[in-house]
$ cat input13.cif   # mmCIF, C-alpha atoms and all ligand atoms
data_work
#
loop_
_atom_site.label_atom_id
_atom_site.label_comp_id
_atom_site.auth_asym_id
_atom_site.auth_seq_id
_atom_site.Cartn_x
_atom_site.Cartn_y
_atom_site.Cartn_z
CA MET A 1194 -68.82 -9.58 -33.13
CA THR A 1195 -66.40 -10.06 -30.23
CA THR A 1196 -63.34 -7.83 -30.30
CA ALA A 1197 -59.89 -8.95 -29.13
CA GLN A 1198 -60.33 -6.56 -26.23
CA GLU A 1199 -63.59 -8.19 -25.14
CA ARG A 1200 -62.05 -11.72 -25.35
CA SER A 1201 -59.58 -10.95 -22.57
CA TYR A 1202 -62.14 -9.05 -20.54
CA GLN A 1203 -63.59 -10.38 -17.31
CA ALA A 1204 -65.89 -8.61 -14.92
CA LEU A 1205 -64.09 -8.01 -11.63
CA THR A 1206 -65.54 -9.35 -8.39
CA ILE A 1207 -65.12 -8.43 -4.73
CA ASP A 1208 -62.31 -11.04 -4.63
CA THR A 1209 -60.52 -10.46 -7.93
CA VAL A 1210 -60.46 -6.68 -7.64
CA ARG A 1211 -57.78 -6.97 -4.92
CA SER A 1212 -55.28 -8.30 -7.42
CA VAL A 1213 -55.58 -5.25 -9.67
CA VAL A 1214 -54.37 -2.91 -6.91
CA GLU A 1215 -51.67 -5.25 -5.58
CA GLN A 1216 -49.04 -4.15 -8.13
CA LEU A 1217 -49.53 -0.49 -7.15
CA GLN A 1218 -48.08 -1.27 -3.70
CA TYR A 1219 -50.43 1.32 -2.30
CA PHE A 1220 -51.71 -1.02 0.42
CA GLU A 1221 -49.54 -3.11 2.75
CA ASP A 1222 -51.59 -6.28 2.35
CA VAL A 1223 -54.41 -6.51 -0.19
CA LYS A 1224 -55.80 -9.63 1.53
CA GLN A 1225 -56.80 -7.49 4.51
CA LEU A 1226 -58.77 -5.00 2.42
CA GLU A 1227 -62.47 -4.43 2.99
CA VAL A 1228 -64.12 -4.36 -0.43
CA SER A 1229 -67.61 -3.34 -1.48
CA GLU A 1230 -69.31 -2.59 -4.81
CA ILE A 1231 -70.88 0.86 -4.49
CA GLY A 1232 -71.78 1.77 -8.09
CA ASP A 1233 -75.16 3.46 -8.28
CA GLY A 1234 -74.78 4.89 -11.80
CA ASN A 1235 -76.29 3.59 -15.00
CA LEU A 1236 -73.27 1.91 -16.59
CA ASN A 1237 -70.36 0.66 -14.45
CA TYR A 1238 -69.09 -1.27 -11.44
CA VAL A 1239 -67.46 0.85 -8.76
CA PHE A 1240 -65.44 -0.98 -6.10
CA HIS A 1241 -64.38 0.66 -2.85
CA LEU A 1242 -61.27 -0.85 -1.25
CA GLN A 1243 -60.14 0.12 2.21
CA ASP A 1244 -57.42 -0.99 4.60
CA PRO A 1245 -59.18 -1.17 8.00
CA LYS A 1246 -55.91 -0.59 9.86
CA THR A 1247 -54.70 2.56 8.09
CA SER A 1248 -58.05 3.69 6.57
CA LYS A 1249 -56.23 4.16 3.26
CA SER A 1250 -58.66 3.60 0.41
CA LEU A 1251 -59.00 3.54 -3.37
CA ILE A 1252 -61.71 3.23 -6.01
CA VAL A 1253 -61.61 0.78 -8.92
CA LYS A 1254 -64.13 1.63 -11.60
CA GLN A 1255 -64.79 -0.99 -14.27
CA ALA A 1256 -66.89 -0.61 -17.40
CA LEU A 1257 -69.30 -3.45 -18.11
CA PRO A 1258 -69.80 -4.62 -21.70
CA TYR A 1259 -73.45 -3.55 -21.45
CA ALA A 1260 -75.49 -0.71 -19.95
CA LYS A 1261 -76.20 -1.68 -16.33
CA VAL A 1262 -79.34 0.47 -16.27
CA VAL A 1263 -81.00 -1.74 -18.91
CA GLY A 1264 -79.11 -5.05 -18.71
CA GLU A 1265 -77.17 -7.35 -21.03
CA SER A 1266 -79.66 -6.74 -23.84
CA TRP A 1267 -77.97 -3.32 -24.35
CA PRO A 1268 -74.31 -4.04 -25.29
CA LEU A 1269 -71.97 -1.12 -24.85
CA THR A 1270 -68.35 -0.60 -25.86
CA LEU A 1271 -65.61 -1.02 -23.25
CA ASP A 1272 -63.69 1.76 -25.04
CA ARG A 1273 -65.49 4.22 -22.81
CA ALA A 1274 -63.17 3.28 -19.93
CA LYS A 1275 -60.17 4.41 -21.99
CA ILE A 1276 -62.00 7.58 -23.06
CA GLU A 1277 -62.76 8.36 -19.42
CA TYR A 1278 -59.16 7.72 -18.37
CA LEU A 1279 -57.73 9.90 -21.17
CA SER A 1280 -60.22 12.64 -20.45
CA LEU A 1281 -59.34 12.68 -16.73
CA GLN A 1282 -55.67 12.92 -17.75
CA LYS A 1283 -56.38 15.86 -20.05
CA ALA A 1284 -58.39 17.68 -17.37
CA ALA A 1285 -55.59 17.07 -14.84
CA GLU A 1286 -53.20 18.98 -17.14
CA VAL A 1287 -55.16 22.20 -16.54
CA VAL A 1288 -57.34 21.73 -13.43
CA PRO A 1289 -55.71 18.94 -11.33
CA GLU A 1290 -57.51 20.20 -8.22
CA LEU A 1291 -60.93 19.64 -9.81
CA VAL A 1292 -60.61 15.97 -10.85
CA PRO A 1293 -59.76 12.76 -8.94
CA VAL A 1294 -56.16 11.52 -8.93
CA VAL A 1295 -55.79 8.54 -11.29
CA TYR A 1296 -53.37 5.77 -10.27
CA ASP A 1297 -53.77 3.13 -12.94
CA HIS A 1298 -55.72 2.07 -16.01
CA ASP A 1299 -56.06 -1.23 -17.86
CA GLN A 1300 -57.51 -1.07 -21.34
CA ASP A 1301 -58.32 -4.80 -21.70
CA LEU A 1302 -60.08 -5.10 -18.36
CA ALA A 1303 -61.53 -1.61 -18.83
CA TYR A 1304 -60.83 -0.44 -15.30
CA THR A 1305 -59.35 2.70 -13.79
CA VAL A 1306 -57.94 2.96 -10.27
CA MET A 1307 -58.51 6.36 -8.74
CA GLU A 1308 -58.67 8.45 -5.62
CA ASP A 1309 -61.46 7.60 -3.19
CA LEU A 1310 -63.73 10.61 -2.83
CA SER A 1311 -65.78 9.27 0.10
CA SER A 1312 -65.07 12.48 1.99
CA HIS A 1313 -67.23 14.18 -0.65
CA VAL A 1314 -70.90 13.70 -1.55
CA ILE A 1315 -72.57 13.54 -4.94
CA LEU A 1316 -73.81 17.05 -5.68
CA ARG A 1317 -77.30 15.85 -6.64
CA SER A 1318 -77.82 14.23 -3.20
CA GLY A 1319 -76.32 17.22 -1.41
CA TRP A 1320 -78.61 19.61 -3.25
CA ILE A 1321 -81.71 17.46 -2.66
CA ALA A 1322 -80.87 17.59 1.06
CA GLY A 1323 -80.73 21.39 0.78
CA ASN A 1324 -76.97 21.72 1.32
CA LYS A 1325 -75.06 24.66 -0.11
CA TYR A 1326 -71.61 24.50 -1.68
CA PRO A 1327 -70.46 28.11 -1.92
CA GLU A 1328 -67.39 27.52 -4.12
CA LEU A 1329 -69.20 25.39 -6.69
CA GLY A 1330 -69.94 28.13 -9.25
CA LYS A 1331 -66.34 29.28 -9.33
CA HIS A 1332 -65.12 25.69 -9.55
CA ILE A 1333 -67.43 24.59 -12.38
CA GLY A 1334 -66.83 27.88 -14.23
CA THR A 1335 -63.08 27.27 -13.94
CA TYR A 1336 -63.36 23.59 -14.90
CA THR A 1337 -65.35 24.38 -18.05
CA ALA A 1338 -63.28 27.41 -19.09
CA GLN A 1339 -59.93 25.66 -18.66
CA THR A 1340 -60.80 22.25 -20.10
CA LEU A 1341 -62.80 23.65 -23.03
CA PHE A 1342 -60.42 26.48 -24.00
CA HIS A 1343 -57.32 24.28 -23.90
CA THR A 1344 -58.92 21.71 -26.23
CA SER A 1345 -60.43 24.23 -28.65
CA ASP A 1346 -59.18 25.81 -31.88
CA PHE A 1347 -58.58 29.02 -29.93
CA TYR A 1348 -55.63 27.25 -28.29
CA LEU A 1349 -54.54 24.18 -30.22
CA HIS A 1350 -52.62 23.94 -33.48
CA PRO A 1351 -55.05 22.66 -36.16
CA PHE A 1352 -53.12 19.35 -36.47
CA THR A 1353 -53.24 18.76 -32.71
CA LYS A 1354 -56.92 19.62 -32.65
CA LYS A 1355 -57.73 17.12 -35.42
CA ALA A 1356 -55.72 14.44 -33.60
CA LEU A 1357 -57.77 15.18 -30.48
CA VAL A 1358 -61.00 14.76 -32.42
CA LYS A 1359 -59.73 11.39 -33.63
CA ASP A 1360 -58.52 10.21 -30.21
CA PHE A 1361 -61.86 11.01 -28.63
CA LEU A 1362 -64.22 9.58 -31.22
CA ASN A 1363 -66.84 8.07 -28.97
CA PRO A 1364 -69.59 6.97 -31.36
CA GLU A 1365 -71.50 4.58 -29.11
CA LEU A 1366 -71.77 6.92 -26.16
CA CYS A 1367 -72.53 9.88 -28.41
CA LYS A 1368 -75.34 7.77 -29.93
CA ILE A 1369 -76.81 7.29 -26.44
CA THR A 1370 -76.94 11.08 -26.05
CA GLU A 1371 -78.21 11.60 -29.59
CA ASP A 1372 -81.09 9.21 -28.81
CA LEU A 1373 -81.82 9.81 -25.14
CA VAL A 1374 -81.31 13.60 -25.06
CA PHE A 1375 -82.05 14.80 -28.57
CA THR A 1376 -84.54 12.35 -30.07
CA ASP A 1377 -86.60 9.96 -27.94
CA PRO A 1378 -88.14 12.53 -25.54
CA PHE A 1379 -89.55 14.44 -28.51
CA PHE A 1380 -91.42 11.39 -29.84
CA ASP A 1381 -93.55 8.62 -28.37
CA HIS A 1382 -90.55 6.32 -27.99
CA ASP A 1383 -90.45 3.23 -25.79
CA THR A 1384 -87.34 4.40 -23.89
CA ASN A 1385 -89.42 7.21 -22.36
CA GLU A 1386 -90.95 6.83 -18.91
CA ILE A 1387 -94.14 8.85 -18.75
CA SER A 1388 -96.85 8.39 -16.15
CA ASP A 1389 -100.49 8.32 -17.29
CA GLU A 1390 -101.09 11.60 -15.46
CA ILE A 1391 -98.61 13.65 -17.46
CA ARG A 1392 -98.98 11.82 -20.79
CA PRO A 1393 -101.67 14.22 -22.14
CA PHE A 1394 -99.33 17.16 -21.38
CA VAL A 1395 -96.44 15.40 -23.13
CA VAL A 1396 -98.57 14.54 -26.15
CA LYS A 1397 -99.09 18.30 -26.63
CA LEU A 1398 -95.32 18.81 -26.60
CA TRP A 1399 -94.94 16.14 -29.28
CA GLN A 1400 -97.38 18.11 -31.42
CA ASP A 1401 -95.35 21.32 -31.10
CA GLU A 1402 -93.68 21.63 -34.53
CA GLU A 1403 -91.59 24.64 -33.52
CA LEU A 1404 -90.20 22.74 -30.53
CA LYS A 1405 -89.25 19.80 -32.72
CA ARG A 1406 -87.65 22.05 -35.33
CA GLU A 1407 -85.49 23.76 -32.68
CA ALA A 1408 -84.61 20.45 -30.98
CA ALA A 1409 -83.53 19.14 -34.39
CA LYS A 1410 -81.21 22.14 -34.87
CA LEU A 1411 -79.62 21.46 -31.48
CA LYS A 1412 -79.21 17.78 -32.31
CA LEU A 1413 -77.49 18.71 -35.58
CA GLN A 1414 -75.14 21.00 -33.65
CA PHE A 1415 -74.33 18.15 -31.27
CA LEU A 1416 -73.63 15.90 -34.24
CA THR A 1417 -71.47 18.30 -36.19
CA GLU A 1418 -69.82 21.07 -34.12
CA ALA A 1419 -66.35 19.96 -32.99
CA GLU A 1420 -65.56 22.97 -30.79
CA ALA A 1421 -63.72 21.43 -27.81
CA LEU A 1422 -63.24 18.24 -25.80
CA LEU A 1423 -66.39 18.02 -23.69
CA HIS A 1424 -66.97 16.16 -20.45
CA GLY A 1425 -70.11 15.00 -22.23
CA ASP A 1426 -72.32 14.27 -19.20
CA LEU A 1427 -71.78 17.14 -16.76
CA HIS A 1428 -74.85 16.72 -14.57
CA SER A 1429 -75.04 16.96 -10.79
CA GLY A 1430 -74.48 13.19 -10.49
CA SER A 1431 -71.05 13.62 -12.14
CA ILE A 1432 -69.79 16.06 -9.52
CA PHE A 1433 -68.50 15.29 -6.02
CA VAL A 1434 -68.48 18.12 -3.49
CA THR A 1435 -67.61 19.30 -0.01
CA LYS A 1436 -68.04 22.87 1.21
CA ASP A 1437 -64.74 23.90 -0.34
CA SER A 1438 -63.80 21.17 -2.80
CA THR A 1439 -65.28 20.09 -6.13
CA LYS A 1440 -64.28 17.02 -8.16
CA VAL A 1441 -65.67 16.34 -11.60
CA ILE A 1442 -65.91 12.61 -12.32
CA ASP A 1443 -67.22 10.19 -14.97
CA PRO A 1444 -66.21 11.76 -18.31
CA GLU A 1445 -66.92 8.52 -20.22
CA PHE A 1446 -69.15 10.45 -22.66
CA ALA A 1447 -66.24 12.75 -23.59
CA PHE A 1448 -65.89 13.72 -27.26
CA VAL A 1449 -65.11 16.86 -29.24
CA GLY A 1450 -68.43 18.67 -29.49
CA PRO A 1451 -70.23 21.98 -28.92
CA ILE A 1452 -69.04 23.81 -25.79
CA GLY A 1453 -72.53 24.81 -24.67
CA PHE A 1454 -73.43 21.15 -24.10
CA ASP A 1455 -71.36 20.87 -20.89
CA LEU A 1456 -72.58 24.20 -19.52
CA GLY A 1457 -76.16 23.40 -20.53
CA SER A 1458 -76.10 20.00 -18.79
CA PHE A 1459 -74.91 21.61 -15.57
CA LEU A 1460 -77.43 24.46 -15.73
CA ALA A 1461 -80.31 22.09 -16.55
CA ASN A 1462 -79.68 19.90 -13.53
CA LEU A 1463 -79.42 22.99 -11.35
CA LEU A 1464 -82.80 24.14 -12.70
CA LEU A 1465 -84.38 20.73 -12.01
CA ASN A 1466 -83.20 20.98 -8.43
CA TYR A 1467 -84.47 24.57 -8.23
CA LEU A 1468 -87.95 23.39 -9.25
CA SER A 1469 -87.93 20.32 -7.00
CA GLN A 1470 -87.11 22.33 -3.86
CA GLU A 1471 -90.74 23.39 -3.68
CA ALA A 1472 -91.36 19.84 -2.43
CA HIS A 1473 -88.12 19.25 -0.50
CA LEU A 1474 -87.90 22.44 1.56
CA GLN A 1475 -90.92 23.01 3.74
CA LYS A 1476 -90.23 26.46 5.19
CA SER A 1477 -90.71 29.30 2.74
CA GLU A 1478 -87.65 31.22 4.00
CA ASP A 1479 -85.46 28.11 3.47
CA LEU A 1480 -86.91 27.66 0.00
CA GLN A 1481 -86.26 31.28 -0.93
CA ALA A 1482 -82.72 31.22 0.44
CA PHE A 1483 -81.84 27.95 -1.31
CA ARG A 1484 -83.23 29.10 -4.62
CA LYS A 1485 -81.29 32.35 -4.30
CA TYR A 1486 -78.16 30.24 -3.67
CA LEU A 1487 -78.83 28.15 -6.81
CA LEU A 1488 -79.26 31.29 -8.91
CA ASP A 1489 -76.02 32.69 -7.50
CA ILE A 1490 -74.28 29.44 -8.46
CA SER A 1491 -75.60 29.60 -12.02
CA GLN A 1492 -74.46 33.22 -12.32
CA GLN A 1493 -71.01 32.49 -10.87
CA THR A 1494 -70.60 29.47 -13.13
CA TRP A 1495 -71.40 31.36 -16.32
CA GLU A 1496 -69.47 34.52 -15.34
CA THR A 1497 -66.39 32.58 -14.25
CA PHE A 1498 -66.50 30.51 -17.43
CA ALA A 1499 -66.99 33.52 -19.73
CA THR A 1500 -64.40 35.72 -18.00
CA GLN A 1501 -61.70 33.03 -17.95
CA PHE A 1502 -62.42 31.82 -21.49
CA LEU A 1503 -62.23 35.36 -22.86
CA GLU A 1504 -59.06 36.12 -20.92
CA LEU A 1505 -57.45 32.89 -22.18
CA CYS A 1506 -58.43 33.74 -25.77
CA LYS A 1507 -56.75 37.15 -25.45
CA THR A 1508 -53.62 36.02 -23.62
CA LYS A 1509 -52.97 32.40 -24.62
CA GLY A 1510 -54.89 32.00 -27.83
CA HIS A 1511 -53.11 30.70 -30.94
CA PHE A 1512 -56.11 31.44 -33.17
CA THR A 1513 -54.88 34.22 -35.49
CA PHE A 1514 -58.04 36.34 -35.09
CA SER A 1515 -58.24 36.10 -31.28
CA SER A 1516 -56.92 39.61 -30.70
CA ILE A 1517 -59.50 41.17 -33.04
CA GLU A 1518 -62.16 42.85 -30.92
CA GLY A 1519 -65.43 40.93 -31.04
CA VAL A 1520 -64.16 37.56 -32.29
CA ALA A 1521 -64.03 35.73 -28.94
CA GLU A 1522 -66.95 37.82 -27.68
CA SER A 1523 -69.26 36.75 -30.49
CA PHE A 1524 -68.16 33.12 -30.03
CA LEU A 1525 -69.20 33.40 -26.38
CA GLU A 1526 -72.60 34.80 -27.40
CA LYS A 1527 -73.09 31.69 -29.51
CA VAL A 1528 -71.98 29.46 -26.63
CA TRP A 1529 -74.53 31.19 -24.36
CA ARG A 1530 -77.36 30.55 -26.84
CA ASP A 1531 -76.32 26.92 -27.21
CA THR A 1532 -76.04 26.54 -23.42
CA LEU A 1533 -79.69 27.54 -23.01
CA GLY A 1534 -80.88 25.27 -25.83
CA PHE A 1535 -78.91 22.25 -24.63
CA ALA A 1536 -80.11 22.95 -21.08
CA GLY A 1537 -83.68 22.81 -22.39
CA CYS A 1538 -83.11 19.40 -24.01
CA GLU A 1539 -81.51 18.06 -20.82
CA VAL A 1540 -84.42 19.32 -18.68
CA VAL A 1541 -86.94 17.62 -20.98
CA ARG A 1542 -85.09 14.31 -21.14
CA ARG A 1543 -84.44 14.15 -17.38
CA THR A 1544 -88.19 14.62 -16.84
CA ILE A 1545 -89.67 12.08 -19.28
CA GLY A 1546 -86.72 10.15 -20.75
CA LEU A 1547 -84.90 6.95 -19.79
CA ALA A 1548 -82.51 8.41 -17.20
CA GLN A 1549 -84.57 10.62 -14.89
CA VAL A 1550 -83.47 12.46 -11.77
CA ALA A 1551 -84.04 11.85 -8.07
CA ASP A 1552 -84.65 15.58 -7.56
CA LEU A 1553 -88.13 15.11 -9.07
CA ASN A 1554 -88.70 11.36 -8.78
CA SER A 1555 -88.09 11.27 -5.02
CA ILE A 1556 -91.06 13.60 -4.42
CA GLU A 1557 -93.63 11.41 -2.72
CA ASP A 1558 -96.64 13.69 -3.05
CA ALA A 1559 -97.87 12.55 -6.49
CA PRO A 1560 -99.88 15.67 -7.48
CA VAL A 1561 -96.91 17.90 -6.54
CA GLN A 1562 -94.54 15.71 -8.54
CA ILE A 1563 -96.83 15.83 -11.58
CA ASP A 1564 -97.19 19.60 -11.33
CA LEU A 1565 -93.42 20.10 -11.06
CA LYS A 1566 -92.75 17.77 -13.99
CA GLN A 1567 -95.13 19.79 -16.12
CA LYS A 1568 -93.38 22.99 -15.04
CA ALA A 1569 -90.04 21.40 -15.92
CA LEU A 1570 -91.29 20.42 -19.37
CA THR A 1571 -92.62 23.92 -20.02
CA ALA A 1572 -89.32 25.41 -18.86
CA GLY A 1573 -87.30 23.01 -21.05
CA ALA A 1574 -89.41 23.75 -24.12
CA THR A 1575 -89.15 27.51 -23.48
CA LEU A 1576 -85.36 27.32 -23.26
CA ILE A 1577 -85.18 25.36 -26.50
CA LYS A 1578 -87.47 27.71 -28.41
CA ASN A 1579 -86.40 31.04 -26.86
CA ARG A 1580 -82.67 30.46 -26.51
CA GLY A 1581 -81.94 33.33 -28.87
CA LYS A 1582 -84.13 35.76 -26.91
CA VAL A 1583 -82.63 35.33 -23.42
CA LYS A 1584 -79.71 37.61 -24.13
CA ASP A 1585 -77.48 37.11 -21.11
CA ILE A 1586 -77.17 35.58 -17.65
CA HIS A 1587 -79.12 38.48 -16.09
CA ALA A 1588 -82.06 37.93 -18.44
CA PHE A 1589 -81.87 34.21 -17.61
CA LEU A 1590 -81.96 34.85 -13.85
CA ALA A 1591 -84.94 37.20 -14.28
CA TRP A 1592 -86.74 34.57 -16.37
CA VAL A 1593 -86.17 31.85 -13.75
CA GLU A 1594 -87.41 34.11 -10.95
CA GLU A 1595 -90.48 35.11 -12.93
CA SER A 1596 -91.48 31.76 -14.43
CA LEU A 1597 -90.18 29.04 -12.12
CA THR A 1598 -90.63 30.52 -8.65
C1 LIG B 1 -77.93 4.26 -20.76
S1 LIG B 1 -77.10 5.54 -20.02
C2 LIG B 1 -78.27 6.68 -19.49
C3 LIG B 1 -77.69 7.97 -19.05
O1 LIG B 1 -76.79 7.76 -17.99
C4 LIG B 1 -75.61 8.51 -18.20
O2 LIG B 1 -75.20 9.14 -17.04
C5 LIG B 1 -75.94 9.50 -19.30
O3 LIG B 1 -76.50 10.70 -18.79
C6 LIG B 1 -76.91 8.72 -20.10
O4 LIG B 1 -77.71 9.52 -20.93
MG MG B 2 -72.07 8.83 -15.40
#

$ encode --input "input13.cif" --output "structure tokens" --more "lines below"
Ligand code: SR1
Ligand code: MG
Amino acid sequence: MTTAQERSYQALTIDTVRSVVEQLQYFEDVKQLEVSEIGDGNLNYVFHLQDPKTSKSLIVKQALPYAKVVGESWPLTLDRAKIEYLSLQKAAEVVPELVPVVYDHDQDLAYTVMEDLSSHVILRSGWIAGNKYPELGKHIGTYTAQTLFHTSDFYLHPFTKKALVKDFLNPELCKITEDLVFTDPFFDHDTNEISDEIRPFVVKLWQDEELKREAAKLKLQFLTEAEALLHGDLHSGSIFVTKDSTKVIDPEFAFVGPIGFDLGSFLANLLLNYLSQEAHLQKSEDLQAFRKYLLDISQQTWETFATQFLELCKTKGHFTFSSIEGVAESFLEKVWRDTLGFAGCEVVRRTIGLAQVADLNSIEDAPVQIDLKQKALTAGATLIKNRGKVKDIHAFLAWVEESLT
């Protein structure tokens, strides 16, 4: 069925995209703009517009009515553009320095005009190249603590919270996650991409009843726990960085869900990079130093998140029980457990599922790639099954050093 919104929708082109920025009066003459389509994600068009005289530039991101990664055979709601726009607005209320500036949004054409972040690089590419971003842990810890606390029941009036849940219902994009993260990788599903060499290893995972039981519990949590407004897809491809700046982009999967999902997605993609560095960094001292950096980032992320979230609960919380010793603390223990479990699911799906990661797939030495994928799968399964046993960030760091180094 075609919705009214889809009837007035047209995909923008290199030529027509100029007209959508004209009314902003940001550029002197839109006819002079140099325009290119630079989208390399799975779902959208991303146009880069630049005035060659002044070097002023903007990004126009437009949702397509299907998933670009698969093609027109996979229709996908345009509502995600509005969800992304609203989510960026919400994040800008509490962490404006950690998200791109948004200039305009059109619901019918499903585009958003935003700050050009070409001075930054995508974190995944930066990490694969072995570059360090020292502020990243503090930034992602702050981003998660501030966005998640301020949209949780610890802060919001129950009526406001329910309205938030309603405003951010995102059933189609949630279904993608429910399938691609929490279901398909645990079964012999045709969305998976599994080479013949690792298939026998994966078949053993599919026979692991305990793994499936625990993955099912995590999927049920994702389906039912409306704890806070999540980014919903916080992997290293959704983060732009420089040495001292971090910008979180692409919250089109935003919805009100379990807090550990955002932290778990970030941690999982960090772990995948940690593993892959065995192939990317040749010198053992470089490898050791980079892995130490990644562990420091994971520690700083969790500690910044937990410290700020707890402090906010005690000082700004409207939840009647917040001041009772142990209430916020035990909630954070639950979030930690969930973080590990969700990280495990993300590691598994990024290794054998539909949307895999360049960290592993760019490794040219096939036997090394196969070995690292098997290590990743073992690590993911361990996190899912043992999430209740890895008590804190220190135990997690010790486990990574012992099992993945
Ligand atoms: C069909 S979309 C595949 C993946 O790309 C997005 O970035 C999400 O991670 C999704 O799971
Ligand atoms: Mg994305």

$ residues_near_ligand --input "input13.cif" --ligand "ligand LIG 1 (chain B)" --cutoff "8 Å" --atoms "only C-alpha atoms and all ligand atoms" --output "ChimeraX atom specification"
/A:1234-1236,1260-1263,1369-1370,1373-1374,1426,1428,1430-1431,1446,1547-1548

$ closest_residue --input "input13.cif" --among "A:Leu1413, A:Val1441, A:Val1314, A:Leu1398" --to "ligand MG 2 (chain B)" --atoms "all atoms listed in the file"
A:Val1441

$ atom_distance --input "input13.cif" --atom1 "CA of Tyr1238 (chain A)" --atom2 "CA of Met1307 (chain A)"
13.3 Å

$ closest_residue --input "input13.cif" --among "A:Asp1443, A:Glu1230, A:Asp1208, A:Asp1297" --to "ligand MG 2 (chain B)" --atoms "all atoms listed in the file"
A:Asp1443

$ closest_residue --input "input13.cif" --among "A:Thr1247, A:Thr1305, A:Gln1400, A:Ser1429" --to "ligand MG 2 (chain B)" --atoms "all atoms listed in the file"
A:Ser1429

$ closest_residue --input "input13.cif" --among "A:Cys1538, A:Leu1488, A:Ala1551, A:Leu1525" --to "Thr1598 (chain A)" --atoms "all atoms listed in the file"
A:Leu1488

$ atom_distance --input "input13.cif" --atom1 "CA of Tyr1202 (chain A)" --atom2 "CA of Asp1299 (chain A)"
10.3 Å

$ closest_residue --input "input13.cif" --among "A:Val1306, A:Ala1569, A:Cys1506, A:Ile1276" --to "Leu1242 (chain A)" --atoms "only C-alpha atoms"
A:Val1306

$ decode --input "input13.cif" --residues "region 1384-1395 of chain A" --atoms "N, CA, C and O atoms" --output "mmCIF file, in the first residue's frame"
data_model
loop_
_atom_site.group_PDB
_atom_site.id
_atom_site.type_symbol
_atom_site.label_atom_id
_atom_site.label_comp_id
_atom_site.auth_asym_id
_atom_site.auth_seq_id
_atom_site.Cartn_x
_atom_site.Cartn_y
_atom_site.Cartn_z
ATOM 1 N N THR A 1384 19.699 -14.854 5.143
ATOM 2 C CA THR A 1384 20.339 -13.522 5.207
ATOM 3 C C THR A 1384 21.802 -13.641 5.668
ATOM 4 O O THR A 1384 22.577 -12.694 5.504
ATOM 5 N N ASN A 1385 22.167 -14.761 6.266
ATOM 6 C CA ASN A 1385 23.549 -14.912 6.746
ATOM 7 C C ASN A 1385 24.528 -15.015 5.583
ATOM 8 O O ASN A 1385 24.159 -15.448 4.495
ATOM 9 N N GLU A 1386 25.762 -14.589 5.845
ATOM 10 C CA GLU A 1386 26.828 -14.764 4.853
ATOM 11 C C GLU A 1386 27.960 -15.521 5.516
ATOM 12 O O GLU A 1386 28.707 -14.961 6.322
ATOM 13 N N ILE A 1387 28.045 -16.804 5.194
ATOM 14 C CA ILE A 1387 28.980 -17.684 5.893
ATOM 15 C C ILE A 1387 29.822 -18.426 4.855
ATOM 16 O O ILE A 1387 29.275 -19.124 3.993
ATOM 17 N N SER A 1388 31.124 -18.271 4.934
ATOM 18 C CA SER A 1388 31.969 -18.963 3.951
ATOM 19 C C SER A 1388 31.994 -20.460 4.261
ATOM 20 O O SER A 1388 31.739 -20.878 5.404
ATOM 21 N N ASP A 1389 32.307 -21.256 3.250
ATOM 22 C CA ASP A 1389 32.348 -22.715 3.433
ATOM 23 C C ASP A 1389 33.324 -23.103 4.545
ATOM 24 O O ASP A 1389 33.099 -24.059 5.275
ATOM 25 N N GLU A 1390 34.405 -22.324 4.660
ATOM 26 C CA GLU A 1390 35.446 -22.679 5.640
ATOM 27 C C GLU A 1390 34.944 -22.556 7.080
ATOM 28 O O GLU A 1390 35.350 -23.333 7.941
ATOM 29 N N ILE A 1391 34.124 -21.565 7.365
ATOM 30 C CA ILE A 1391 33.699 -21.449 8.777
ATOM 31 C C ILE A 1391 32.320 -22.070 9.041
ATOM 32 O O ILE A 1391 31.886 -22.169 10.186
ATOM 33 N N ARG A 1392 31.662 -22.531 7.991
ATOM 34 C CA ARG A 1392 30.317 -23.109 8.175
ATOM 35 C C ARG A 1392 30.295 -24.229 9.239
ATOM 36 O O ARG A 1392 29.434 -24.212 10.124
ATOM 37 N N PRO A 1393 31.242 -25.193 9.188
ATOM 38 C CA PRO A 1393 31.183 -26.269 10.203
ATOM 39 C C PRO A 1393 31.240 -25.724 11.632
ATOM 40 O O PRO A 1393 30.562 -26.221 12.538
ATOM 41 N N PHE A 1394 32.040 -24.659 11.834
ATOM 42 C CA PHE A 1394 32.150 -24.025 13.151
ATOM 43 C C PHE A 1394 30.812 -23.395 13.546
ATOM 44 O O PHE A 1394 30.351 -23.514 14.686
ATOM 45 N N VAL A 1395 30.176 -22.748 12.563
ATOM 46 C CA VAL A 1395 28.899 -22.071 12.827
ATOM 47 C C VAL A 1395 27.798 -23.099 13.102
ATOM 48 O O VAL A 1395 26.940 -22.889 13.977
#
